[in-house]
file structure_14.csv (CSV, C-alpha atoms and all ligand atoms)
chain,number,residue,atom,x,y,z
A,11,MET,CA,-189.6,44.5,36.3
A,12,HIS,CA,-188.9,43.8,32.6
A,13,LEU,CA,-186.0,45.9,31.4
A,14,GLU,CA,-184.6,46.0,27.9
A,15,ARG,CA,-181.3,47.4,29.2
A,16,ARG,CA,-179.5,46.7,32.4
A,17,ASN,CA,-176.5,49.1,32.6
A,18,ARG,CA,-175.3,47.5,35.8
A,19,ILE,CA,-174.2,44.4,33.8
A,20,LEU,CA,-171.1,46.3,32.7
A,21,ARG,CA,-170.3,47.1,36.4
A,22,THR,CA,-170.7,43.6,37.7
A,23,ASN,CA,-167.1,43.0,38.8
A,24,ALA,CA,-163.6,44.4,38.6
A,25,SER,CA,-162.7,42.4,35.5
A,26,ILE,CA,-165.7,43.5,33.5
A,27,ARG,CA,-165.2,47.1,34.6
A,28,SER,CA,-161.6,47.1,33.5
A,29,LEU,CA,-162.6,45.7,30.1
A,30,VAL,CA,-165.0,48.5,29.4
A,31,ALA,CA,-163.1,51.3,31.1
A,32,GLU,CA,-162.9,54.3,28.8
A,33,THR,CA,-159.9,55.9,30.4
A,34,SER,CA,-156.8,54.4,31.9
A,35,LEU,CA,-153.7,56.1,33.3
A,36,SER,CA,-150.3,55.2,32.1
A,37,VAL,CA,-146.9,56.0,33.4
A,38,ASN,CA,-146.3,57.4,29.9
A,39,ASP,CA,-148.7,60.3,30.7
A,40,PHE,CA,-146.7,61.8,33.5
A,41,ILE,CA,-144.4,64.8,33.7
A,42,ALA,CA,-142.7,65.1,37.1
A,43,PRO,CA,-142.0,68.7,38.1
A,44,LEU,CA,-138.7,69.1,40.0
A,45,PHE,CA,-137.5,72.0,42.2
A,46,ILE,CA,-133.8,72.6,42.2
A,47,ASP,CA,-131.6,74.6,44.6
A,48,GLU,CA,-128.0,75.5,44.9
A,49,GLY,CA,-125.7,73.5,47.2
A,50,LYS,CA,-124.9,69.9,47.9
A,51,ASP,CA,-126.8,67.1,49.6
A,52,ILE,CA,-129.8,69.3,50.3
A,53,ALA,CA,-133.4,68.0,50.3
A,54,HIS,CA,-135.7,70.7,51.7
A,55,GLU,CA,-139.3,69.6,52.3
A,56,ILE,CA,-141.6,72.3,51.1
A,57,PRO,CA,-143.9,73.1,54.1
A,58,SER,CA,-147.0,73.6,52.1
A,59,MET,CA,-146.2,70.5,49.9
A,60,PRO,CA,-145.6,67.7,52.4
A,61,GLY,CA,-143.6,64.9,50.9
A,62,TYR,CA,-142.3,67.1,48.1
A,63,TYR,CA,-138.7,68.5,48.1
A,64,ARG,CA,-136.5,71.1,46.7
A,65,ARG,CA,-133.2,69.4,46.1
A,66,SER,CA,-129.6,70.3,45.3
A,67,LEU,CA,-128.5,69.1,41.9
A,68,ASP,CA,-126.7,66.0,43.1
A,69,LEU,CA,-129.8,64.7,44.8
A,70,THR,CA,-131.9,65.8,41.9
A,71,ILE,CA,-129.9,63.5,39.7
A,72,LYS,CA,-130.5,60.7,42.0
A,73,GLU,CA,-134.2,61.5,41.9
A,74,VAL,CA,-134.2,61.6,38.1
A,75,LYS,CA,-132.6,58.2,37.9
A,76,GLU,CA,-135.3,56.9,40.2
A,77,LEU,CA,-138.1,58.4,38.1
A,78,TRP,CA,-136.5,56.9,35.0
A,79,MET,CA,-136.4,53.4,36.7
A,80,MET,CA,-140.1,53.8,37.4
A,81,GLY,CA,-140.9,54.5,33.8
A,82,ILE,CA,-141.4,58.2,34.0
A,83,LYS,CA,-140.0,59.8,30.9
A,84,SER,CA,-140.2,63.5,31.5
A,85,VAL,CA,-139.3,66.1,34.0
A,86,LEU,CA,-140.3,69.8,34.1
A,87,ILE,CA,-137.6,71.7,35.9
A,88,PHE,CA,-137.7,74.9,38.1
A,89,VAL,CA,-134.9,76.4,39.9
A,90,LYS,CA,-134.7,78.6,43.0
A,91,ALA,CA,-132.5,81.6,42.3
A,92,LYS,CA,-130.5,83.2,45.1
A,93,ASP,CA,-131.6,86.7,46.2
A,94,GLU,CA,-128.3,88.1,45.0
A,95,VAL,CA,-128.9,87.3,41.4
A,96,LYS,CA,-132.5,88.6,41.3
A,97,ASP,CA,-133.0,91.9,39.5
A,98,ASN,CA,-135.5,93.6,37.1
A,99,THR,CA,-133.7,92.5,33.9
A,100,GLY,CA,-133.9,88.8,34.7
A,101,LYS,CA,-130.4,88.4,33.3
A,102,GLU,CA,-129.6,85.4,35.5
A,103,ALA,CA,-132.4,83.6,33.5
A,104,TRP,CA,-130.1,83.3,30.4
A,105,ASN,CA,-126.8,82.9,32.2
A,106,ARG,CA,-125.1,80.0,30.4
A,107,ASN,CA,-123.7,78.8,33.7
A,108,GLY,CA,-126.8,79.4,35.7
A,109,LEU,CA,-128.3,76.7,37.9
A,110,MET,CA,-131.0,76.0,35.3
A,111,GLN,CA,-128.5,75.6,32.5
A,112,GLN,CA,-126.2,73.4,34.6
A,113,SER,CA,-129.1,71.3,35.7
A,114,ILE,CA,-130.3,70.7,32.2
A,115,LYS,CA,-126.8,69.5,31.2
A,116,ALA,CA,-126.4,67.3,34.2
A,117,ILE,CA,-129.8,65.6,33.9
A,118,LYS,CA,-129.2,64.9,30.2
A,119,ASP,CA,-125.8,63.6,30.9
A,120,ALA,CA,-127.0,61.3,33.7
A,121,VAL,CA,-130.2,60.0,31.9
A,122,PRO,CA,-130.1,60.9,28.2
A,123,GLY,CA,-133.5,59.4,27.5
A,124,MET,CA,-135.2,61.6,30.0
A,125,VAL,CA,-137.2,64.3,28.3
A,126,VAL,CA,-136.2,67.6,29.9
A,127,MET,CA,-138.7,70.4,29.9
A,128,THR,CA,-137.8,73.8,31.4
A,129,ASP,CA,-139.9,76.6,32.8
A,130,VAL,CA,-139.5,79.8,30.9
A,131,ALA,CA,-140.7,82.9,32.9
A,132,LEU,CA,-138.8,85.5,34.9
A,133,ASP,CA,-140.5,85.1,38.3
A,134,PRO,CA,-137.7,83.1,40.0
A,135,TYR,CA,-135.2,85.7,38.8
A,136,SER,CA,-137.2,88.8,39.3
A,137,SER,CA,-136.6,91.1,42.2
A,138,TYR,CA,-140.4,91.9,41.9
A,139,GLY,CA,-141.4,88.2,41.7
A,140,HIS,CA,-143.2,88.9,38.5
A,141,ASP,CA,-143.0,86.8,35.3
A,142,GLY,CA,-141.7,89.8,33.3
A,143,ILE,CA,-139.8,93.1,33.4
A,144,VAL,CA,-141.5,95.8,35.5
A,145,LYS,CA,-141.7,99.4,34.5
A,146,ASP,CA,-143.7,102.1,36.3
A,147,GLY,CA,-145.6,99.4,38.2
A,148,GLU,CA,-146.5,97.5,35.0
A,149,ILE,CA,-145.3,94.2,33.6
A,150,ILE,CA,-144.1,95.2,30.1
A,151,ASN,CA,-144.7,92.8,27.3
A,152,ASP,CA,-142.3,93.3,24.4
A,153,GLU,CA,-139.1,93.8,26.4
A,154,THR,CA,-140.0,90.7,28.4
A,155,VAL,CA,-140.5,88.6,25.3
A,156,GLU,CA,-137.0,89.5,24.1
A,157,VAL,CA,-135.6,88.2,27.4
A,158,LEU,CA,-137.7,85.0,27.2
A,159,VAL,CA,-136.2,84.3,23.8
A,160,LYS,CA,-132.7,84.6,25.2
A,161,MET,CA,-133.7,82.4,28.2
A,162,SER,CA,-135.2,79.8,25.9
A,163,LEU,CA,-132.0,79.8,23.7
A,164,SER,CA,-129.8,79.2,26.7
A,165,HIS,CA,-132.0,76.3,27.7
A,166,ALA,CA,-131.9,74.9,24.2
A,167,GLU,CA,-128.1,75.3,24.1
A,168,ALA,CA,-127.8,73.4,27.4
A,169,GLY,CA,-129.8,70.5,25.9
A,170,ALA,CA,-133.4,71.0,26.9
A,171,ASP,CA,-135.9,68.9,24.9
A,172,PHE,CA,-138.8,71.3,25.4
A,173,VAL,CA,-138.9,74.9,26.7
A,174,ALA,CA,-142.2,75.6,28.5
A,175,PRO,CA,-143.1,79.3,28.6
A,176,SER,CA,-145.3,79.9,31.6
A,177,ASP,CA,-145.3,83.7,31.5
A,178,MET,CA,-148.4,84.5,29.4
A,179,MET,CA,-146.9,87.4,27.5
A,180,ASP,CA,-148.3,88.1,24.1
A,181,GLY,CA,-146.4,86.9,21.1
A,182,ARG,CA,-143.8,84.9,23.0
A,183,ILE,CA,-144.4,81.5,21.3
A,184,GLY,CA,-143.9,83.0,17.9
A,185,ALA,CA,-140.8,84.9,19.0
A,186,ILE,CA,-139.3,81.8,20.8
A,187,ARG,CA,-140.0,79.6,17.7
A,188,LYS,CA,-138.3,82.2,15.5
A,189,GLY,CA,-135.3,82.5,17.8
A,190,LEU,CA,-134.9,78.7,17.9
A,191,GLU,CA,-135.1,78.4,14.2
A,192,GLU,CA,-132.7,81.2,13.5
A,193,ASN,CA,-130.1,79.8,15.9
A,194,GLY,CA,-130.3,76.2,14.6
A,195,TYR,CA,-132.2,74.7,17.5
A,196,ILE,CA,-134.5,72.9,15.2
A,197,LYS,CA,-135.1,69.9,17.5
A,198,THR,CA,-136.2,71.9,20.5
A,199,GLY,CA,-139.9,71.7,21.2
A,200,ILE,CA,-142.2,74.3,22.8
A,201,MET,CA,-144.8,73.2,25.4
A,202,ALA,CA,-146.8,76.4,25.8
A,203,TYR,CA,-148.7,77.2,28.9
A,204,SER,CA,-151.5,78.5,26.7
A,205,ALA,CA,-154.5,78.7,29.0
A,206,LYS,CA,-152.9,79.7,32.3
A,207,TYR,CA,-155.2,81.2,34.8
A,208,ALA,CA,-154.5,83.7,37.6
A,209,SER,CA,-155.1,81.2,40.4
A,210,CYS,CA,-154.8,81.1,44.1
A,211,PHE,CA,-153.8,77.5,43.8
A,212,TYR,CA,-150.2,78.4,42.9
A,213,GLY,CA,-149.6,79.4,46.5
A,214,PRO,CA,-147.5,76.4,47.6
A,215,PHE,CA,-145.4,76.6,44.4
A,216,ARG,CA,-144.4,80.2,45.2
A,217,ASP,CA,-143.4,79.0,48.7
A,218,ALA,CA,-141.2,76.3,47.0
A,219,LEU,CA,-139.3,78.9,44.9
A,220,ASP,CA,-139.7,82.0,47.1
A,221,SER,CA,-141.3,83.6,44.0
A,222,ALA,CA,-144.4,85.3,45.2
A,223,PRO,CA,-145.1,88.6,43.5
A,224,GLY,CA,-143.7,91.5,45.5
A,225,PHE,CA,-146.6,93.8,44.6
A,226,GLY,CA,-150.0,93.3,43.1
A,227,ASP,CA,-151.0,90.1,41.4
A,228,LYS,CA,-150.6,88.4,38.0
A,229,LYS,CA,-154.0,89.3,36.6
A,230,THR,CA,-152.7,91.6,33.9
A,231,TYR,CA,-151.1,88.6,32.2
A,232,GLN,CA,-152.6,85.4,33.5
A,233,MET,CA,-156.2,84.7,32.5
A,234,ASP,CA,-159.4,85.5,34.4
A,235,TYR,CA,-160.9,82.3,35.8
A,236,ALA,CA,-164.3,83.5,34.7
A,237,ASN,CA,-163.4,83.0,31.0
A,238,ARG,CA,-163.7,80.0,28.7
A,239,ILE,CA,-163.7,81.3,25.1
A,240,GLU,CA,-160.5,83.2,25.8
A,241,ALA,CA,-158.8,79.9,26.6
A,242,ILE,CA,-159.5,78.7,23.1
A,243,LYS,CA,-158.3,82.0,21.6
A,244,GLU,CA,-155.0,81.8,23.5
A,245,THR,CA,-154.5,78.1,22.6
A,246,LEU,CA,-155.2,78.5,18.9
A,247,MET,CA,-152.9,81.5,18.7
A,248,ASP,CA,-150.1,79.5,20.4
A,249,VAL,CA,-150.5,76.6,18.0
A,250,GLU,CA,-150.4,79.0,15.1
A,251,GLU,CA,-147.2,80.6,16.5
A,252,GLY,CA,-145.5,77.2,16.7
A,253,ALA,CA,-146.4,75.4,20.0
A,254,ASP,CA,-145.9,71.7,19.8
A,255,ILE,CA,-147.8,71.0,23.0
A,256,VAL,CA,-150.4,73.3,24.6
A,257,MET,CA,-151.2,73.3,28.3
A,258,VAL,CA,-154.1,74.2,30.5
A,259,LYS,CA,-153.3,75.2,34.1
A,260,PRO,CA,-154.5,74.7,36.8
A,261,ALA,CA,-156.3,71.3,36.1
A,262,LEU,CA,-158.9,70.4,38.7
A,263,ALA,CA,-161.0,73.5,38.6
A,264,TYR,CA,-160.6,73.7,34.9
A,265,LEU,CA,-161.6,70.3,33.5
A,266,ASP,CA,-164.1,72.0,31.3
A,267,ILE,CA,-161.3,74.1,29.7
A,268,ILE,CA,-159.2,71.0,29.2
A,269,ARG,CA,-162.0,69.3,27.3
A,270,GLU,CA,-162.8,72.4,25.1
A,271,VAL,CA,-159.1,72.8,24.3
A,272,LYS,CA,-158.8,69.1,23.5
A,273,ASN,CA,-161.7,69.4,21.1
A,274,SER,CA,-160.2,72.5,19.4
A,275,VAL,CA,-156.6,71.6,18.6
A,276,THR,CA,-154.7,68.9,16.8
A,277,VAL,CA,-151.6,69.0,19.0
A,278,PRO,CA,-151.2,67.1,22.3
A,279,VAL,CA,-152.8,68.8,25.3
A,280,SER,CA,-151.2,68.8,28.7
A,281,ALA,CA,-152.7,69.7,32.0
A,282,TYR,CA,-150.8,70.9,35.1
A,283,ASN,CA,-152.1,69.3,38.3
A,284,ILE,CA,-150.6,72.1,40.3
A,285,SER,CA,-149.2,72.7,43.8
A,286,GLY,CA,-152.4,73.8,45.5
A,287,GLU,CA,-154.2,70.7,44.1
A,288,TYR,CA,-151.4,68.5,45.6
A,289,ALA,CA,-151.6,70.4,48.9
A,290,MET,CA,-155.4,69.9,49.2
A,291,ILE,CA,-155.2,66.2,48.9
A,292,LYS,CA,-152.2,65.9,51.2
A,293,ALA,CA,-153.9,68.1,53.9
A,294,ALA,CA,-157.2,66.2,53.8
A,295,ALA,CA,-155.4,62.9,53.8
A,296,LYS,CA,-153.3,64.0,56.8
A,297,MET,CA,-156.5,64.8,58.7
A,298,GLY,CA,-157.8,61.4,57.9
A,299,TRP,CA,-160.6,62.9,55.8
A,300,LEU,CA,-160.0,61.1,52.6
A,301,ASN,CA,-158.0,58.2,51.3
A,302,GLU,CA,-154.9,59.7,49.6
A,303,GLU,CA,-154.2,56.9,47.2
A,304,LYS,CA,-157.7,56.8,45.9
A,305,ALA,CA,-157.9,60.6,45.7
A,306,ILE,CA,-154.7,60.6,43.6
A,307,LEU,CA,-155.9,58.0,41.1
A,308,GLU,CA,-159.4,59.5,40.8
A,309,THR,CA,-158.0,63.0,40.3
A,310,LEU,CA,-155.5,62.0,37.6
A,311,THR,CA,-158.0,59.8,35.8
A,312,ALA,CA,-160.5,62.7,35.8
A,313,ILE,CA,-157.9,65.0,34.3
A,314,LYS,CA,-157.1,62.5,31.6
A,315,ARG,CA,-160.8,61.8,30.9
A,316,ALA,CA,-161.3,65.5,30.5
A,317,GLY,CA,-158.8,65.4,27.6
A,318,ALA,CA,-155.3,65.7,28.8
A,319,ASP,CA,-152.8,63.7,26.9
A,320,LEU,CA,-150.0,64.6,29.3
A,321,ILE,CA,-150.2,65.4,33.0
A,322,ALA,CA,-147.6,67.4,34.9
A,323,THR,CA,-148.2,66.3,38.5
A,324,TYR,CA,-146.4,66.2,41.9
A,325,PHE,CA,-148.0,62.8,42.3
A,326,ALA,CA,-146.2,61.2,39.3
A,327,LYS,CA,-144.1,58.9,41.4
A,328,ASP,CA,-147.1,57.9,43.7
A,329,ALA,CA,-149.3,57.3,40.7
A,330,ALA,CA,-146.6,55.3,38.8
A,331,ARG,CA,-146.3,53.1,41.9
A,332,LEU,CA,-150.1,52.7,42.3
A,333,ILE,CA,-150.8,51.7,38.7
A,334,SER,CA,-147.8,49.3,38.3
B,1,LIG,C1,-144.0,80.5,37.0
B,1,LIG,C2,-144.9,79.3,37.3
B,1,LIG,C3,-145.8,79.1,38.3
B,1,LIG,C4,-146.2,77.8,38.3
B,1,LIG,C5,-145.5,77.2,37.2
B,1,LIG,N1,-144.7,78.1,36.6
B,1,LIG,C6,-146.3,80.1,39.3
B,1,LIG,C7,-147.0,81.3,38.9
B,1,LIG,O1,-147.3,81.5,37.7
B,1,LIG,O2,-147.1,82.1,39.8
B,1,LIG,C8,-147.2,77.1,39.2
B,1,LIG,C9,-147.1,75.6,39.4
B,1,LIG,C10,-147.8,75.1,40.6
B,1,LIG,O3,-148.5,75.8,41.3
B,1,LIG,O4,-147.6,73.9,40.8
B,1,LIG,N2,-144.5,81.3,36.0
call {"tool": "encode", "arguments": {"input": "structure_14.csv", "output": "structure tokens", "more": "lines below"}}
Ligand code: PBG
result
Amino acid sequence: MHLERRNRILRTNASIRSLVAETSLSVNDFIAPLFIDEGKDIAHEIPSMPGYYRRSLDLTIKEVKELWMMGIKSVLIFVKAKDEVKDNTGKEAWNRNGLMQQSIKAIKDAVPGMVVMTDVALDPYSSYGHDGIVKDGEIINDETVEVLVKMSLSHAEAGADFVAPSDMMDGRIGAIRKGLEENGYIKTGIMAYSAKYASCFYGPFRDALDSAPGFGDKKTYQMDYANRIEAIKETLMDVEEGADIVMVKPALAYLDIIREVKNSVTVPVSAYNISGEYAMIKAAAKMGWLNEEKAILETLTAIKRAGADLIATYFAKDAARLIS
């Protein structure tokens, strides 16, 4: 054969491959989600997320210090609310002394440099397990947005660096931005879950927080997975309303969406490598059906290649260890 071009030259050995690699993972890309519970000295392994824990605040602080030592610079926090405080107003969500607000303060006190991002949605606080207020069997938009603004303000007051609305109500980014401005929280960022799909892959997360919807599903607010153009519409609107970072969620079955969003906006794009994606790798690895470490690196690299600037992932610690 007489070839003009031999593409395999660039794949000859590991050194050459690393020189020409188009995408590389960095510990700077990762956001580590944390599940926080009441109590002391508690680390509860989530059955559908082996190796991942819901911890009391004291042990959460230990974990945050460890993450920081490994070079991970951001955490995204979720709390498990007690059944007694759940209702249909979500009022525990903006309790200044609630577990979320206490956790934000404690983490910022312990590791001031850690970027604290907070989930904003009513599901952990809702007696119906929905992201908003329920009336006559429907999740009502405008009243929910008012509550999400109060919730965001309480997070900002506690010291959150970014609030991360994951509820998919209409107009919430604009309302939260306005609320932050009017109350002087001009340094608090918004990471908007902009293209968040109604996905079966959230199952393990809802186990972790005991937050599964009590009736119906979330399809009247989260997006239909059949849609692509709608993701761009949602994202552009969130940017216009004041989002600093936009997010696509889930990640793995939505790499096309990550790419299209990346090509459509001039703000950083994050992707959420969600609980079900974690569970799938863990389960297959446990069965001996695939190599866990390789699966983690390939998955995260693919999400970054698709266009994610930041990746929220339960594998943050593993990945940090693997690439160091
Ligand atoms: C709450 C919320 C969910 C997730 C993040 N924030 C669950 C849901 O919308 O039902 C899912 C994260 C994951 O699965 O890892 N609104």
call {"tool": "atom_distance", "arguments": {"input": "structure_14.csv", "atom1": "atom CA of A:Leu158", "atom2": "atom CA of A:Tyr212"}}
result
21.1 Å
call {"tool": "closest_atom_pairs", "arguments": {"input": "structure_14.csv", "of": "chain A", "to": "ligand LIG 1 (chain B)", "cutoff": "9 Å", "atoms": "all atoms listed in the file", "output": "CSV"}}
result
residue,atom,partner,partner_atom,distance
A:Pro43,CA,B:LIG1,O4,8.1
A:Phe88,CA,B:LIG1,N1,7.8
A:Asp129,CA,B:LIG1,N1,6.3
A:Val130,CA,B:LIG1,N2,7.3
A:Ala131,CA,B:LIG1,N2,5.2
A:Leu132,CA,B:LIG1,N2,7.2
A:Asp133,CA,B:LIG1,C1,5.9
A:Pro134,CA,B:LIG1,C1,7.4
A:Gly139,CA,B:LIG1,O2,8.6
A:His140,CA,B:LIG1,O2,7.9
A:Asp141,CA,B:LIG1,N2,5.7
A:Ala174,CA,B:LIG1,N1,8.8
A:Pro175,CA,B:LIG1,N2,7.8
A:Ser176,CA,B:LIG1,N2,4.7
A:Asp177,CA,B:LIG1,N2,5.2
A:Met178,CA,B:LIG1,N2,8.3
A:Tyr203,CA,B:LIG1,N1,8.7
A:Lys206,CA,B:LIG1,O1,8.0
A:Tyr207,CA,B:LIG1,O1,8.4
A:Ala208,CA,B:LIG1,O1,7.5
A:Ser209,CA,B:LIG1,O2,8.1
A:Cys210,CA,B:LIG1,O3,8.7
A:Phe211,CA,B:LIG1,O3,6.1
A:Tyr212,CA,B:LIG1,O3,3.5
A:Gly213,CA,B:LIG1,O3,6.4
A:Pro214,CA,B:LIG1,O3,6.4
A:Phe215,CA,B:LIG1,O3,4.5
A:Arg216,CA,B:LIG1,C6,6.2
A:Ser221,CA,B:LIG1,O2,7.3
A:Ala222,CA,B:LIG1,O2,6.8
A:Pro223,CA,B:LIG1,O2,7.7
A:Lys228,CA,B:LIG1,O2,7.4
A:Gln232,CA,B:LIG1,O1,7.8
A:Lys259,CA,B:LIG1,C9,8.2
A:Pro260,CA,B:LIG1,O3,7.6
A:Tyr282,CA,B:LIG1,O4,7.2
A:Asn283,CA,B:LIG1,O4,6.9
A:Ile284,CA,B:LIG1,O4,3.5
A:Ser285,CA,B:LIG1,O4,3.6
A:Gly286,CA,B:LIG1,O3,6.1
A:Glu287,CA,B:LIG1,O4,8.0
A:Tyr288,CA,B:LIG1,O4,8.2
A:Ala322,CA,B:LIG1,O4,8.8
A:Thr323,CA,B:LIG1,O4,8.0
A:Tyr324,CA,B:LIG1,O4,7.9
call {"tool": "atom_distance", "arguments": {"input": "structure_14.csv", "atom1": "atom CA of A:Pro278", "atom2": "atom CA of A:Ser204"}}
result
12.2 Å
call {"tool": "closest_residue", "arguments": {"input": "structure_14.csv", "among": "A:Arg65, A:Lys243, A:Lys118, A:His54", "to": "A:Val85", "atoms": "only C-alpha atoms"}}
result
A:Lys118
call {"tool": "atom_distance", "arguments": {"input": "structure_14.csv", "atom1": "atom CA of A:Ala205", "atom2": "atom CA of A:Ala241"}}
result
5.1 Å
call {"tool": "residues_around", "arguments": {"input": "structure_14.csv", "residues": "A:Val155", "least_positions_apart": "4", "cutoff": "12 Å", "atoms": "all atoms listed in the file", "output": "JSON, numbers by chain"}}
result
{"A": [99, 100, 130, 131, 132, 141, 142, 143, 149, 150, 151, 159, 160, 161, 162, 175, 176, 177, 178, 179, 180, 181, 182, 183, 184, 185, 186, 187, 188, 189]}
call {"tool": "residues_around", "arguments": {"input": "structure_14.csv", "residues": "A:Phe325", "least_positions_apart": "2", "cutoff": "10 Å", "atoms": "only C-alpha atoms", "output": "list of chain:residue names"}}
result
A:Phe40, A:Ile41, A:Ala42, A:Pro43, A:Gly61, A:Tyr62, A:Asn283, A:Ile284, A:Tyr288, A:Glu303, A:Ile306, A:Leu307, A:Leu310, A:Ile321, A:Ala322, A:Thr323, A:Lys327, A:Asp328, A:Ala329, A:Ala330, A:Arg331
call {"tool": "closest_residue", "arguments": {"input": "structure_14.csv", "among": "A:Glu55, A:Asp217, A:Asp248, A:Asp39", "to": "A:Ser280", "atoms": "only C-alpha atoms"}}
result
A:Asp39
call {"tool": "decode", "arguments": {"input": "structure_14.csv", "residues": "stretch 294-316 of chain A", "atoms": "N, CA and C atoms", "output": "PDB file, in the first residue's frame"}}
result
ATOM      1  N   ALA A 294     -22.877  -2.805  37.351  1.00  0.00           N
ATOM      2  CA  ALA A 294     -22.182  -3.628  36.348  1.00  0.00           C
ATOM      3  C   ALA A 294     -20.794  -4.023  36.853  1.00  0.00           C
ATOM      4  N   ALA A 295     -20.139  -3.083  37.561  1.00  0.00           N
ATOM      5  CA  ALA A 295     -18.803  -3.382  38.086  1.00  0.00           C
ATOM      6  C   ALA A 295     -18.878  -4.475  39.150  1.00  0.00           C
ATOM      7  N   LYS A 296     -19.920  -4.386  39.975  1.00  0.00           N
ATOM      8  CA  LYS A 296     -20.092  -5.366  41.047  1.00  0.00           C
ATOM      9  C   LYS A 296     -20.288  -6.770  40.472  1.00  0.00           C
ATOM     10  N   MET A 297     -20.970  -6.828  39.349  1.00  0.00           N
ATOM     11  CA  MET A 297     -21.188  -8.107  38.688  1.00  0.00           C
ATOM     12  C   MET A 297     -19.923  -8.593  37.972  1.00  0.00           C
ATOM     13  N   GLY A 298     -18.922  -7.721  37.901  1.00  0.00           N
ATOM     14  CA  GLY A 298     -17.713  -8.083  37.166  1.00  0.00           C
ATOM     15  C   GLY A 298     -17.881  -7.916  35.669  1.00  0.00           C
ATOM     16  N   TRP A 299     -18.890  -7.154  35.260  1.00  0.00           N
ATOM     17  CA  TRP A 299     -19.187  -7.015  33.830  1.00  0.00           C
ATOM     18  C   TRP A 299     -18.465  -5.857  33.173  1.00  0.00           C
ATOM     19  N   LEU A 300     -18.000  -4.905  33.952  1.00  0.00           N
ATOM     20  CA  LEU A 300     -17.108  -3.914  33.359  1.00  0.00           C
ATOM     21  C   LEU A 300     -16.152  -3.371  34.407  1.00  0.00           C
ATOM     22  N   ASN A 301     -15.087  -2.776  33.925  1.00  0.00           N
ATOM     23  CA  ASN A 301     -14.050  -2.240  34.793  1.00  0.00           C
ATOM     24  C   ASN A 301     -14.485  -0.860  35.293  1.00  0.00           C
ATOM     25  N   GLU A 302     -14.699  -0.775  36.587  1.00  0.00           N
ATOM     26  CA  GLU A 302     -15.276   0.446  37.151  1.00  0.00           C
ATOM     27  C   GLU A 302     -14.427   1.694  36.881  1.00  0.00           C
ATOM     28  N   GLU A 303     -13.126   1.588  37.130  1.00  0.00           N
ATOM     29  CA  GLU A 303     -12.281   2.781  36.985  1.00  0.00           C
ATOM     30  C   GLU A 303     -12.264   3.277  35.543  1.00  0.00           C
ATOM     31  N   LYS A 304     -12.168   2.325  34.614  1.00  0.00           N
ATOM     32  CA  LYS A 304     -12.154   2.730  33.200  1.00  0.00           C
ATOM     33  C   LYS A 304     -13.501   3.327  32.793  1.00  0.00           C
ATOM     34  N   ALA A 305     -14.566   2.748  33.335  1.00  0.00           N
ATOM     35  CA  ALA A 305     -15.908   3.252  32.992  1.00  0.00           C
ATOM     36  C   ALA A 305     -16.094   4.671  33.517  1.00  0.00           C
ATOM     37  N   ILE A 306     -15.563   4.941  34.702  1.00  0.00           N
ATOM     38  CA  ILE A 306     -15.685   6.288  35.279  1.00  0.00           C
ATOM     39  C   ILE A 306     -14.964   7.307  34.385  1.00  0.00           C
ATOM     40  N   LEU A 307     -13.724   6.989  34.043  1.00  0.00           N
ATOM     41  CA  LEU A 307     -12.942   7.964  33.263  1.00  0.00           C
ATOM     42  C   LEU A 307     -13.516   8.163  31.861  1.00  0.00           C
ATOM     43  N   GLU A 308     -13.958   7.068  31.249  1.00  0.00           N
ATOM     44  CA  GLU A 308     -14.518   7.190  29.898  1.00  0.00           C
ATOM     45  C   GLU A 308     -15.807   8.015  29.919  1.00  0.00           C
ATOM     46  N   THR A 309     -16.634   7.748  30.919  1.00  0.00           N
ATOM     47  CA  THR A 309     -17.906   8.466  31.028  1.00  0.00           C
ATOM     48  C   THR A 309     -17.675   9.961  31.245  1.00  0.00           C
ATOM     49  N   LEU A 310     -16.823  10.298  32.196  1.00  0.00           N
ATOM     50  CA  LEU A 310     -16.621  11.716  32.508  1.00  0.00           C
ATOM     51  C   LEU A 310     -15.931  12.445  31.354  1.00  0.00           C
ATOM     52  N   THR A 311     -15.001  11.753  30.695  1.00  0.00           N
ATOM     53  CA  THR A 311     -14.337  12.384  29.548  1.00  0.00           C
ATOM     54  C   THR A 311     -15.348  12.632  28.428  1.00  0.00           C
ATOM     55  N   ALA A 312     -16.262  11.687  28.234  1.00  0.00           N
ATOM     56  CA  ALA A 312     -17.281  11.850  27.178  1.00  0.00           C
ATOM     57  C   ALA A 312     -18.195  13.033  27.490  1.00  0.00           C
ATOM     58  N   ILE A 313     -18.531  13.208  28.759  1.00  0.00           N
ATOM     59  CA  ILE A 313     -19.403  14.326  29.149  1.00  0.00           C
ATOM     60  C   ILE A 313     -18.671  15.648  28.895  1.00  0.00           C
ATOM     61  N   LYS A 314     -17.392  15.662  29.195  1.00  0.00           N
ATOM     62  CA  LYS A 314     -16.622  16.886  28.951  1.00  0.00           C
ATOM     63  C   LYS A 314     -16.460  17.133  27.451  1.00  0.00           C
ATOM     64  N   ARG A 315     -16.168  16.060  26.711  1.00  0.00           N
ATOM     65  CA  ARG A 315     -16.023  16.186  25.249  1.00  0.00           C
ATOM     66  C   ARG A 315     -17.308  16.719  24.617  1.00  0.00           C
ATOM     67  N   ALA A 316     -18.443  16.305  25.179  1.00  0.00           N
ATOM     68  CA  ALA A 316     -19.729  16.761  24.660  1.00  0.00           C
ATOM     69  C   ALA A 316     -19.895  18.268  24.837  1.00  0.00           C
TER      70      ALA A 316
END
